[in-house]
2 protein chains.
Amino acid sequence: MGSLDASLVCDLPPFEHMARQDIAALLERARSIRVEKGAAVFGQDEAAHSFFLLLDGHVRVVRVTPDGEQVIARYISSGELMGIAQALGRSTYPASAIAAVDCVVLAWPGAMWTEVVSRYPGFASNTYKTVGSRLQDAQDRIVEMATERVEQRVANAVLKLAAQTGRRTEEGILIDLPISRQDISEMTGTTLHTVSRLMSAWEAAGWVKSGRQRIVVVEGHKLMLLAGGAK
Amino acid sequence: MGSLDASLVCDLPPFEHMARQDIAALLERARSIRVEKGAAVFGQDEAAHSFFLLLDGHVRVVRVTPDGEQVIARYISSGELMGIAQALGRSTYPASAIAAVDCVVLAWPGAMWTEVVSRYPGFASNTYKTVGSRLQDAQDRIVEMATERVEQRVANAVLKLAAQTGRRTEEGILIDLPISRQDISEMTGTTLHTVSRLMSAWEAAGWVKSGRQRIVVVEGHKLMLLAGGAK
DNA sequence: TCCCGTGTTTGACGCAGCGCAAACTCGACC
DNA sequence: GGTCGAGTTTGCGCTGCGTCAAACACGGGA
């Protein structure tokens, strides 16, 4: 809490091309919060009182359907903005954000957004860039769900996670957050059973190693072949 | 072409809360274009040279997958913005926009966007509101694709079209643009065969009437029951 | 160390919906 | 009015994957 050094965050995409003093001014108005694993940063349909920057950790963005099923919209990694409902003229959060591990988050009051836009246009434009790629991602996923079959989608999801949160180890690329078969199934619109079967097959082929809430990608290129060949 | 009266468009959502003279100034810098049925307003992966407002007609936003399949992202109706890639910091269009009927479109040079943002903040904020609901829509569709089965998705798509472009007739609500089974299948991630079978069943039940590129919703509430019950 | 709970694996079975194929119908154009 | 092509309908077989069910394994807490 209190004063946070601008130099810690000035390289993050949301602050790109901003003057150091503007960054410092922005940080000054943020509250820093610790969120422990499993807790919600914000909840679906809740009034959007704040917008956030994830400083450290990983956050799962989840939607619950009317009949209680969960769909994982995306994982947020440190350095990314989240809960920017007010930038898009919405008064509630469209999904819940659940800490996948213990996290540190910066929070700004939502009412500040309009002021931010006029005072720090660079920050606003960076934010909209984020929104743009998020819209892009969403459309990509729609196309994927509409045209690809389960094995390809699961391979894609694993590869995306590996690229986003992967850590090199001697075994291969470790997905560096606790993630269950169930989670993967909620990212890909299938069941944990099917995911388990697929991962078993990949493990038998030596493409991945996996355990309880743990996945290591050994031969990523084999998965890429499944997930759409060329590209 | 040339001077377009601000009063014609000032009630459209993109111009909400804007001063009449600002609207007029904006319009002055737009080119008005006629696009005939089947022609593209802009193309996927093309450099984003302009952004657009659909004045009259209906436009299909389509993505083509690497292996040649098409997915319909959405239909745009008159009064909506489209191709606003530069507002999101993108340099190419993520999809193609094809006129579903003869259309009239306003086009602004893309390079103008930054100027627009600073000079007409109301317009920018309206634009971002649009983006927000589009992102919302996209997420909704992901959830739908992940959790609902084909019949429900098709019912949803038909209802959405009816709500968006429907015209009351004595038979029921007519979807007022030429739309094939194939189109519906590309909106829902299924095949034209399955769509045809479903629509035949609905027609037999008296819920819809349909013909060649033509759908009339007779008993919308029956479709809603399919498409997620309560809500 | 043992126990218990949560996550995972695997099998058996059924069916929604896709692929393929063929026939039909309507509208447009000559 | 006849012809042609695009859009539609319908049947049939097959299969990917969901559902149900049961056993299994790992890790953390007592």
# chains A, B, ... in the order shown; residues from 1 in each chain; ligands from 1
call {"tool": "interface_residues", "arguments": {"of": "chain B", "to": "chain D", "cutoff": "10 Å", "atoms": "only C-alpha atoms (C1' of nucleotides)", "output": "number ranges by chain"}}
result
B: 180-182, 192-193, 196-197, 200, 211-213
call {"tool": "write_last_selection", "arguments": {"atoms": "C-alpha atoms", "output": "mmCIF file, in the first residue's frame"}}
result
data_model
loop_
_atom_site.group_PDB
_atom_site.id
_atom_site.type_symbol
_atom_site.label_atom_id
_atom_site.label_comp_id
_atom_site.auth_asym_id
_atom_site.auth_seq_id
_atom_site.Cartn_x
_atom_site.Cartn_y
_atom_site.Cartn_z
ATOM 1 C CA SER B 180 -30.217 -19.016 -46.109
ATOM 2 C CA ARG B 181 -29.975 -22.185 -44.023
ATOM 3 C CA GLN B 182 -26.298 -22.046 -44.787
ATOM 4 C CA LEU B 192 -27.048 -26.383 -43.299
ATOM 5 C CA HIS B 193 -28.512 -29.877 -43.145
ATOM 6 C CA SER B 196 -32.873 -27.403 -42.361
ATOM 7 C CA ARG B 197 -34.025 -30.367 -40.286
ATOM 8 C CA SER B 200 -38.664 -28.255 -40.838
ATOM 9 C CA GLY B 211 -39.051 -20.509 -47.560
ATOM 10 C CA ARG B 212 -36.161 -19.771 -49.792
ATOM 11 C CA GLN B 213 -33.908 -17.337 -47.884
#
call {"tool": "atom_distance", "arguments": {"atom1": "atom CA of Ala24 of chain A", "atom2": "atom CA of His58 of chain A"}}
result
24.1 Å
call {"tool": "atom_distance", "arguments": {"atom1": "atom CA of Ala47 of chain A", "atom2": "atom CA of Gly89 of chain A"}}
result
12.3 Å
call {"tool": "select_by_dssp", "arguments": {"residues": "segment 6-50 of chain A", "states": "strand (DSSP E or B)", "output": "ChimeraX atom specification"}}
result
/A:31-35,40-42,47,50
call {"tool": "write_last_selection", "arguments": {"atoms": "C-alpha atoms", "output": "PDB file, in the first residue's frame"}}
result
ATOM      1  CA  ARG A  31      -5.091   1.006  -3.816  1.00  0.00           C
ATOM      2  CA  SER A  32      -2.992  -2.113  -3.676  1.00  0.00           C
ATOM      3  CA  ILE A  33      -4.783  -5.245  -2.491  1.00  0.00           C
ATOM      4  CA  ARG A  34      -3.716  -8.759  -1.665  1.00  0.00           C
ATOM      5  CA  VAL A  35      -6.116 -11.421  -2.912  1.00  0.00           C
ATOM      6  CA  ALA A  40     -12.718 -13.126  -6.065  1.00  0.00           C
ATOM      7  CA  VAL A  41     -11.266  -9.831  -7.229  1.00  0.00           C
ATOM      8  CA  PHE A  42     -14.709  -8.956  -8.520  1.00  0.00           C
ATOM      9  CA  ALA A  47     -21.680  -3.152  -9.712  1.00  0.00           C
ATOM     10  CA  SER A  50     -13.319  -0.316  -9.644  1.00  0.00           C
TER      11      SER A  50
END
call {"tool": "closest_residue", "arguments": {"among": "A:Val101, A:Ala87, A:Val195, A:Leu177", "to": "chain B", "atoms": "only C-alpha atoms"}}
result
A:Ala87
call {"tool": "interface_residues", "arguments": {"of": "chain C", "to": "chain B", "cutoff": "12 Å", "atoms": "only C-alpha atoms (C1' of nucleotides)", "output": "list of chain:residue names"}}
result
C:DA16, C:DG17, C:DC18, C:DG19, C:DC20, C:DT25, C:DC26, C:DG27
call {"tool": "interface_residues", "arguments": {"of": "chain A", "to": "chain B", "cutoff": "9 Å", "atoms": "only C-alpha atoms", "output": "number ranges by chain"}}
result
A: 63-67, 69-73, 85, 87-90, 94, 118, 121, 125-136, 138-139, 141-147, 186-190, 228, 230-231
call {"tool": "select_by_dssp", "arguments": {"residues": "chain B", "states": "alpha helix (DSSP H)", "output": "PyMOL selection string"}}
result
chain B and resi 6-9+20-28+113-119+121-147+150-165+181-188+192-205+220-226
call {"tool": "write_last_selection", "arguments": {"atoms": "C-alpha atoms", "output": "compact mmCIF listing (two decimals), in the first residue's frame"}}
result
# COMPACT_ATOMS: atom_id res chain seq x y z
CA ALA B 6 -27.30 16.13 -39.31
CA SER B 7 -30.93 15.72 -38.35
CA LEU B 8 -31.06 12.49 -40.30
CA VAL B 9 -28.57 10.80 -38.06
CA ARG B 20 -25.77 19.21 -33.45
CA GLN B 21 -22.92 21.24 -34.86
CA ASP B 22 -20.36 18.62 -33.91
CA ILE B 23 -22.42 15.99 -35.67
CA ALA B 24 -22.60 18.18 -38.74
CA ALA B 25 -18.84 18.73 -38.64
CA LEU B 26 -18.25 15.01 -38.45
CA LEU B 27 -20.62 14.28 -41.29
CA GLU B 28 -18.92 16.83 -43.45
CA TRP B 113 -9.65 8.59 -35.52
CA THR B 114 -7.12 10.14 -33.15
CA GLU B 115 -8.35 13.57 -34.09
CA VAL B 116 -11.94 12.47 -33.56
CA VAL B 117 -11.13 11.18 -30.09
CA SER B 118 -9.75 14.47 -28.91
CA ARG B 119 -12.18 16.72 -30.76
CA PRO B 121 -15.00 12.86 -26.95
CA GLY B 122 -18.72 12.09 -26.91
CA PHE B 123 -18.44 10.26 -30.18
CA ALA B 124 -15.46 8.31 -28.90
CA SER B 125 -17.22 7.30 -25.74
CA ASN B 126 -20.28 6.22 -27.72
CA THR B 127 -18.00 4.16 -29.91
CA TYR B 128 -16.45 2.46 -26.92
CA LYS B 129 -19.88 1.72 -25.58
CA THR B 130 -20.54 -0.11 -28.84
CA VAL B 131 -17.29 -1.98 -28.48
CA GLY B 132 -18.27 -2.94 -24.97
CA SER B 133 -21.53 -4.50 -26.00
CA ARG B 134 -19.82 -6.21 -28.89
CA LEU B 135 -17.30 -7.75 -26.53
CA GLN B 136 -20.15 -8.77 -24.29
CA ASP B 137 -21.95 -10.35 -27.23
CA ALA B 138 -18.85 -12.23 -28.21
CA GLN B 139 -18.39 -13.61 -24.71
CA ASP B 140 -22.04 -14.56 -24.60
CA ARG B 141 -21.62 -16.46 -27.79
CA ILE B 142 -18.59 -18.31 -26.47
CA VAL B 143 -20.59 -19.37 -23.45
CA GLU B 144 -23.44 -20.40 -25.71
CA MET B 145 -21.20 -22.44 -27.97
CA ALA B 146 -19.59 -24.07 -24.98
CA THR B 147 -22.73 -25.03 -23.11
CA VAL B 150 -27.33 -27.09 -31.65
CA GLU B 151 -31.10 -26.72 -31.47
CA GLN B 152 -30.84 -24.09 -28.74
CA ARG B 153 -28.15 -22.19 -30.58
CA VAL B 154 -30.14 -22.11 -33.79
CA ALA B 155 -33.24 -20.98 -31.94
CA ASN B 156 -31.20 -18.22 -30.31
CA ALA B 157 -29.79 -17.09 -33.61
CA VAL B 158 -33.21 -16.90 -35.21
CA LEU B 159 -34.64 -15.01 -32.27
CA LYS B 160 -31.74 -12.59 -32.28
CA LEU B 161 -32.22 -11.93 -35.97
CA ALA B 162 -35.94 -11.47 -35.47
CA ALA B 163 -35.33 -8.98 -32.69
CA GLN B 164 -32.72 -7.09 -34.65
CA THR B 165 -34.14 -6.99 -38.13
CA ARG B 181 -29.98 -22.18 -44.02
CA GLN B 182 -26.30 -22.05 -44.79
CA ASP B 183 -26.08 -18.57 -43.23
CA ILE B 184 -27.78 -19.74 -40.07
CA SER B 185 -25.44 -22.70 -39.87
CA GLU B 186 -22.46 -20.37 -40.15
CA MET B 187 -23.83 -18.31 -37.28
CA THR B 188 -24.26 -21.32 -35.03
CA LEU B 192 -27.05 -26.38 -43.30
CA HIS B 193 -28.51 -29.88 -43.15
CA THR B 194 -29.05 -29.76 -39.43
CA VAL B 195 -30.52 -26.26 -39.65
CA SER B 196 -32.87 -27.40 -42.36
CA ARG B 197 -34.02 -30.37 -40.29
CA LEU B 198 -34.64 -28.18 -37.25
CA MET B 199 -36.57 -25.59 -39.21
CA SER B 200 -38.66 -28.25 -40.84
CA ALA B 201 -39.56 -29.58 -37.41
CA TRP B 202 -40.43 -26.08 -36.18
CA GLU B 203 -42.48 -25.45 -39.27
CA ALA B 204 -44.38 -28.70 -38.70
CA ALA B 205 -45.05 -27.54 -35.15
CA GLY B 220 -41.31 -16.84 -30.70
CA HIS B 221 -41.99 -17.93 -27.16
CA LYS B 222 -41.80 -21.58 -28.16
CA LEU B 223 -38.34 -20.96 -29.55
CA MET B 224 -37.38 -19.15 -26.37
CA LEU B 225 -38.29 -22.21 -24.37
CA LEU B 226 -35.79 -24.17 -26.43
call {"tool": "atom_distance", "arguments": {"atom1": "atom CA of Gly43 of chain B", "atom2": "atom CA of Ala111 of chain B"}}
result
17.9 Å
call {"tool": "residues_around", "arguments": {"residues": "Asp102 of chain B", "least_positions_apart": "4", "cutoff": "10 Å", "atoms": "only C-alpha atoms (C1' of nucleotides)", "output": "list in words"}}
result
Arg34, Val35, Glu36, Lys37, Gly38, Ala39, Asp56, Gly57, His58 and Val59 of chain B
